[in-house]
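Enquirer: Hey, dropping coords-v8.cif in here, mmCIF, N, CA and C atoms:
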```cif
data_entry
#
loop_
_atom_site.group_PDB
_atom_site.id
_atom_site.type_symbol
_atom_site.label_atom_id
_atom_site.label_comp_id
_atom_site.auth_asym_id
_atom_site.auth_seq_id
_atom_site.Cartn_x
_atom_site.Cartn_y
_atom_site.Cartn_z
ATOM 1 N N MET A 1 14.646 -31.262 -0.652
ATOM 2 C CA MET A 1 15.137 -29.999 -1.148
ATOM 3 C C MET A 1 14.138 -29.377 -2.135
ATOM 4 N N GLU A 2 13.641 -30.171 -3.046
ATOM 5 C CA GLU A 2 12.676 -29.685 -4.040
ATOM 6 C C GLU A 2 11.388 -29.232 -3.361
ATOM 7 N N ARG A 3 10.984 -29.981 -2.339
ATOM 8 C CA ARG A 3 9.770 -29.624 -1.608
ATOM 9 C C ARG A 3 9.941 -28.275 -0.898
ATOM 10 N N GLU A 4 11.147 -28.026 -0.383
ATOM 11 C CA GLU A 4 11.441 -26.739 0.257
ATOM 12 C C GLU A 4 11.290 -25.594 -0.754
ATOM 13 N N LYS A 5 11.806 -25.797 -1.978
ATOM 14 C CA LYS A 5 11.689 -24.778 -3.023
ATOM 15 C C LYS A 5 10.228 -24.514 -3.350
ATOM 16 N N ASN A 6 9.434 -25.576 -3.432
ATOM 17 C CA ASN A 6 8.012 -25.416 -3.743
ATOM 18 C C ASN A 6 7.289 -24.658 -2.633
ATOM 19 N N LYS A 7 7.622 -24.974 -1.375
ATOM 20 C CA LYS A 7 7.018 -24.261 -0.243
ATOM 21 C C LYS A 7 7.334 -22.774 -0.331
ATOM 22 N N TRP A 8 8.617 -22.472 -0.578
ATOM 23 C CA TRP A 8 9.048 -21.074 -0.656
ATOM 24 C C TRP A 8 8.380 -20.377 -1.837
ATOM 25 N N GLY A 9 8.326 -21.069 -2.972
ATOM 26 C CA GLY A 9 7.679 -20.506 -4.153
ATOM 27 C C GLY A 9 6.209 -20.227 -3.916
ATOM 28 N N ASN A 10 5.524 -21.152 -3.252
ATOM 29 C CA ASN A 10 4.104 -20.948 -2.926
ATOM 30 C C ASN A 10 3.928 -19.776 -1.966
ATOM 31 N N TYR A 11 4.829 -19.706 -0.972
ATOM 32 C CA TYR A 11 4.759 -18.614 -0.003
ATOM 33 C C TYR A 11 4.922 -17.275 -0.711
ATOM 34 N N MET A 12 5.917 -17.183 -1.588
ATOM 35 C CA MET A 12 6.172 -15.929 -2.291
ATOM 36 C C MET A 12 5.024 -15.582 -3.245
ATOM 37 N N ALA A 13 4.455 -16.576 -3.898
ATOM 38 C CA ALA A 13 3.320 -16.327 -4.795
ATOM 39 C C ALA A 13 2.136 -15.792 -4.001
ATOM 40 N N ASP A 14 1.870 -16.374 -2.842
ATOM 41 C CA ASP A 14 0.778 -15.901 -1.981
ATOM 42 C C ASP A 14 1.058 -14.481 -1.493
ATOM 43 N N PHE A 15 2.300 -14.234 -1.113
ATOM 44 C CA PHE A 15 2.693 -12.907 -0.650
ATOM 45 C C PHE A 15 2.462 -11.874 -1.744
ATOM 46 N N ARG A 16 2.877 -12.178 -2.983
ATOM 47 C CA ARG A 16 2.696 -11.253 -4.097
ATOM 48 C C ARG A 16 1.218 -11.020 -4.392
ATOM 49 N N LYS A 17 0.414 -12.074 -4.326
ATOM 50 C CA LYS A 17 -1.030 -11.922 -4.570
ATOM 51 C C LYS A 17 -1.668 -11.019 -3.523
ATOM 52 N N GLU A 18 -1.323 -11.241 -2.255
ATOM 53 C CA GLU A 18 -1.872 -10.420 -1.175
ATOM 54 C C GLU A 18 -1.449 -8.962 -1.334
ATOM 55 N N ARG A 19 -0.172 -8.753 -1.685
ATOM 56 C CA ARG A 19 0.328 -7.386 -1.861
ATOM 57 C C ARG A 19 -0.369 -6.710 -3.042
ATOM 58 N N ALA A 20 -0.492 -7.416 -4.143
ATOM 59 C CA ALA A 20 -1.155 -6.848 -5.322
ATOM 60 C C ALA A 20 -2.602 -6.493 -4.991
ATOM 61 N N ASN A 21 -3.287 -7.362 -4.286
ATOM 62 C CA ASN A 21 -4.677 -7.113 -3.899
ATOM 63 C C ASN A 21 -4.775 -5.884 -2.993
ATOM 64 N N ARG A 22 -3.853 -5.776 -2.035
ATOM 65 C CA ARG A 22 -3.853 -4.629 -1.116
ATOM 66 C C ARG A 22 -3.608 -3.332 -1.882
ATOM 67 N N LEU A 23 -2.644 -3.343 -2.804
ATOM 68 C CA LEU A 23 -2.334 -2.138 -3.567
ATOM 69 C C LEU A 23 -3.496 -1.717 -4.465
ATOM 70 N N ILE A 24 -4.148 -2.677 -5.060
ATOM 71 C CA ILE A 24 -5.312 -2.377 -5.905
ATOM 72 C C ILE A 24 -6.429 -1.765 -5.072
ATOM 73 N N ASN A 25 -6.698 -2.350 -3.908
ATOM 74 C CA ASN A 25 -7.760 -1.830 -3.046
ATOM 75 C C ASN A 25 -7.439 -0.425 -2.546
ATOM 76 N N LYS A 26 -6.189 -0.194 -2.142
ATOM 77 C CA LYS A 26 -5.812 1.135 -1.663
ATOM 78 C C LYS A 26 -5.869 2.154 -2.787
ATOM 79 N N GLY A 27 -5.455 1.752 -3.986
ATOM 80 C CA GLY A 27 -5.553 2.651 -5.133
ATOM 81 C C GLY A 27 -6.988 3.023 -5.429
ATOM 82 N N ALA A 28 -7.890 2.065 -5.309
ATOM 83 C CA ALA A 28 -9.311 2.336 -5.539
ATOM 84 C C ALA A 28 -9.842 3.320 -4.493
ATOM 85 N N LEU A 29 -9.418 3.163 -3.245
ATOM 86 C CA LEU A 29 -9.840 4.100 -2.201
ATOM 87 C C LEU A 29 -9.280 5.501 -2.457
ATOM 88 N N LEU A 30 -8.035 5.561 -2.894
ATOM 89 C CA LEU A 30 -7.426 6.850 -3.225
ATOM 90 C C LEU A 30 -8.239 7.557 -4.302
ATOM 91 N N GLU A 31 -8.582 6.851 -5.355
ATOM 92 C CA GLU A 31 -9.372 7.453 -6.424
ATOM 93 C C GLU A 31 -10.761 7.866 -5.944
ATOM 94 N N LYS A 32 -11.350 7.061 -5.082
ATOM 95 C CA LYS A 32 -12.692 7.355 -4.584
ATOM 96 C C LYS A 32 -12.708 8.628 -3.740
ATOM 97 N N TYR A 33 -11.804 8.725 -2.779
ATOM 98 C CA TYR A 33 -11.859 9.822 -1.821
ATOM 99 C C TYR A 33 -11.151 11.090 -2.289
ATOM 100 N N PHE A 34 -10.181 10.967 -3.171
ATOM 101 C CA PHE A 34 -9.475 12.144 -3.667
ATOM 102 C C PHE A 34 -9.931 12.546 -5.068
ATOM 103 N N GLU A 35 -10.861 11.778 -5.636
ATOM 104 C CA GLU A 35 -11.409 12.069 -6.958
ATOM 105 C C GLU A 35 -10.281 12.390 -7.940
ATOM 106 N N CYS A 36 -9.352 11.451 -8.075
ATOM 107 C CA CYS A 36 -8.158 11.708 -8.889
ATOM 108 C C CYS A 36 -8.011 10.714 -10.043
ATOM 109 N N GLU A 37 -9.123 10.188 -10.528
ATOM 110 C CA GLU A 37 -9.078 9.222 -11.625
ATOM 111 C C GLU A 37 -8.424 9.810 -12.864
ATOM 112 N N ASN A 38 -8.585 11.123 -13.053
ATOM 113 C CA ASN A 38 -8.080 11.780 -14.252
ATOM 114 C C ASN A 38 -6.613 12.176 -14.149
ATOM 115 N N LEU A 39 -5.995 12.014 -12.979
ATOM 116 C CA LEU A 39 -4.604 12.420 -12.796
ATOM 117 C C LEU A 39 -3.650 11.316 -13.248
ATOM 118 N N SER A 40 -2.499 11.738 -13.745
ATOM 119 C CA SER A 40 -1.460 10.773 -14.089
ATOM 120 C C SER A 40 -0.813 10.264 -12.794
ATOM 121 N N ILE A 41 0.038 9.271 -12.919
ATOM 122 C CA ILE A 41 0.767 8.756 -11.748
ATOM 123 C C ILE A 41 1.594 9.881 -11.117
ATOM 124 N N GLU A 42 2.265 10.654 -11.949
ATOM 125 C CA GLU A 42 3.103 11.752 -11.454
ATOM 126 C C GLU A 42 2.257 12.813 -10.745
ATOM 127 N N GLU A 43 1.116 13.143 -11.306
ATOM 128 C CA GLU A 43 0.227 14.134 -10.688
ATOM 129 C C GLU A 43 -0.350 13.612 -9.379
ATOM 130 N N THR A 44 -0.673 12.335 -9.341
ATOM 131 C CA THR A 44 -1.183 11.732 -8.108
ATOM 132 C C THR A 44 -0.117 11.778 -7.026
ATOM 133 N N GLU A 45 1.112 11.485 -7.401
ATOM 134 C CA GLU A 45 2.206 11.553 -6.426
ATOM 135 C C GLU A 45 2.385 12.974 -5.906
ATOM 136 N N GLU A 46 2.310 13.950 -6.792
ATOM 137 C CA GLU A 46 2.426 15.348 -6.383
ATOM 138 C C GLU A 46 1.308 15.725 -5.410
ATOM 139 N N LEU A 47 0.086 15.289 -5.708
ATOM 140 C CA LEU A 47 -1.049 15.538 -4.815
ATOM 141 C C LEU A 47 -0.794 14.934 -3.436
ATOM 142 N N LEU A 48 -0.344 13.696 -3.408
ATOM 143 C CA LEU A 48 -0.092 13.027 -2.132
ATOM 144 C C LEU A 48 1.049 13.687 -1.363
ATOM 145 N N LYS A 49 2.091 14.079 -2.065
ATOM 146 C CA LYS A 49 3.206 14.778 -1.404
ATOM 147 C C LYS A 49 2.729 16.083 -0.781
ATOM 148 N N THR A 50 1.824 16.768 -1.452
ATOM 149 C CA THR A 50 1.307 18.043 -0.961
ATOM 150 C C THR A 50 0.659 17.887 0.410
ATOM 151 N N PHE A 51 -0.052 16.786 0.609
ATOM 152 C CA PHE A 51 -0.811 16.604 1.849
ATOM 153 C C PHE A 51 -0.186 15.613 2.825
ATOM 154 N N SER A 52 0.901 14.956 2.473
ATOM 155 C CA SER A 52 1.436 13.883 3.313
ATOM 156 C C SER A 52 1.880 14.356 4.693
ATOM 157 N N VAL A 53 2.557 15.490 4.777
ATOM 158 C CA VAL A 53 3.014 15.983 6.075
ATOM 159 C C VAL A 53 1.818 16.270 6.974
ATOM 160 N N TYR A 54 0.835 16.955 6.445
ATOM 161 C CA TYR A 54 -0.364 17.280 7.220
ATOM 162 C C TYR A 54 -1.074 16.010 7.691
ATOM 163 N N VAL A 55 -1.285 15.089 6.785
ATOM 164 C CA VAL A 55 -2.007 13.852 7.124
ATOM 165 C C VAL A 55 -1.232 13.065 8.178
ATOM 166 N N ASN A 56 0.072 12.931 8.003
ATOM 167 C CA ASN A 56 0.857 12.156 8.963
ATOM 168 C C ASN A 56 0.914 12.810 10.338
ATOM 169 N N GLU A 57 0.900 14.140 10.379
ATOM 170 C CA GLU A 57 0.871 14.838 11.665
ATOM 171 C C GLU A 57 -0.479 14.686 12.363
ATOM 172 N N LYS A 58 -1.555 14.655 11.592
ATOM 173 C CA LYS A 58 -2.906 14.599 12.158
ATOM 174 C C LYS A 58 -3.444 13.174 12.294
ATOM 175 N N LYS A 59 -2.711 12.212 11.834
ATOM 176 C CA LYS A 59 -3.168 10.825 11.846
ATOM 177 C C LYS A 59 -3.367 10.347 13.285
ATOM 178 N N PRO A 60 -4.535 9.774 13.596
ATOM 179 C CA PRO A 60 -4.754 9.226 14.938
ATOM 180 C C PRO A 60 -3.716 8.148 15.256
ATOM 181 N N SER A 61 -3.339 8.052 16.510
ATOM 182 C CA SER A 61 -2.275 7.121 16.905
ATOM 183 C C SER A 61 -2.593 5.672 16.536
ATOM 184 N N LYS A 62 -3.862 5.314 16.474
ATOM 185 C CA LYS A 62 -4.197 3.923 16.122
ATOM 186 C C LYS A 62 -3.813 3.589 14.687
ATOM 187 N N PHE A 63 -3.569 4.592 13.850
ATOM 188 C CA PHE A 63 -3.174 4.381 12.471
ATOM 189 C C PHE A 63 -1.687 4.589 12.238
ATOM 190 N N LYS A 64 -0.967 4.984 13.264
ATOM 191 C CA LYS A 64 0.469 5.225 13.114
ATOM 192 C C LYS A 64 1.222 3.903 13.205
ATOM 193 N N ARG A 65 2.321 3.849 12.460
ATOM 194 C CA ARG A 65 3.179 2.665 12.468
ATOM 195 C C ARG A 65 3.805 2.496 13.844
ATOM 196 N N LYS A 66 3.799 1.277 14.324
ATOM 197 C CA LYS A 66 4.397 0.980 15.616
ATOM 198 C C LYS A 66 5.876 0.649 15.422
ATOM 199 N N LEU A 67 6.677 0.896 16.451
ATOM 200 C CA LEU A 67 8.092 0.572 16.371
ATOM 201 C C LEU A 67 8.280 -0.913 16.067
ATOM 202 N N GLY A 68 9.231 -1.201 15.218
ATOM 203 C CA GLY A 68 9.516 -2.585 14.866
ATOM 204 C C GLY A 68 8.740 -3.083 13.656
ATOM 205 N N GLU A 69 7.873 -2.266 13.088
ATOM 206 C CA GLU A 69 7.106 -2.685 11.900
ATOM 207 C C GLU A 69 7.783 -2.209 10.657
#
```
Would you mind giving the structure from this file in structure tokens?
Expert:
Amino acid sequence: MEREKNKWGNYMADFRKERANRLINKGALLEKYFECENLSIEETEELLKTFSVYVNEKKPSKFKRKLGE
């Protein structure tokens, strides 16, 4: 039973590390390509909302979410 908890805990820790790493990398790309280092979180969200419909409509199919994901 204890070993099961440790396995689950390790799995969740790895999952959180991978997610944190992915979010950091994507945030860095956002700042690089949108030149928004000086914007607050709220301003960045507003910027993204402004272009999200356009980007999602024009996104190549290879980048679109597949059913079941």
Enquirer: Interatomic distance between atom C of A:Gly27 and atom CA of A:Thr44?
Expert: 10.8 Å
Enquirer: List as CSV every residue of stretch 6-51 of chain A that is in contact with stretch 55-64 of chain A, defined as an atom at most 12 Å from one of its atoms (using only C-alpha atoms), together with the nearest atom pair and the distance in Å rounded to one decimal, sorted by chain and then rising number.
Expert:
```
residue,atom,partner,partner_atom,distance
A:Leu48,CA,A:Val55,CA,9.5
A:Lys49,CA,A:Val55,CA,10.0
A:Thr50,CA,A:Val55,CA,9.7
A:Phe51,CA,A:Val55,CA,6.1
```
Enquirer: Which distance in Å separates atom C of A:Asn10 and atom N of A:Lys26, to one decimal?
Expert: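 Atom-to-atom, atom C of A:Asn10 and atom N of A:Lys26 are spaced 22.0 Å apart.
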Enquirer: Please run DSSP on the backbone and report, as a PyMOL selection string, all residues within chain A that come out as alpha helix (DSSP H).
Expert: chain A and resi 2-34+41-58
Enquirer: Would you work out the distance separating atom CA of A:Asn38 from atom CA of A:Leu23, expressed in Å to one decimal?
Expert: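 So the answer is 18.5 Å.
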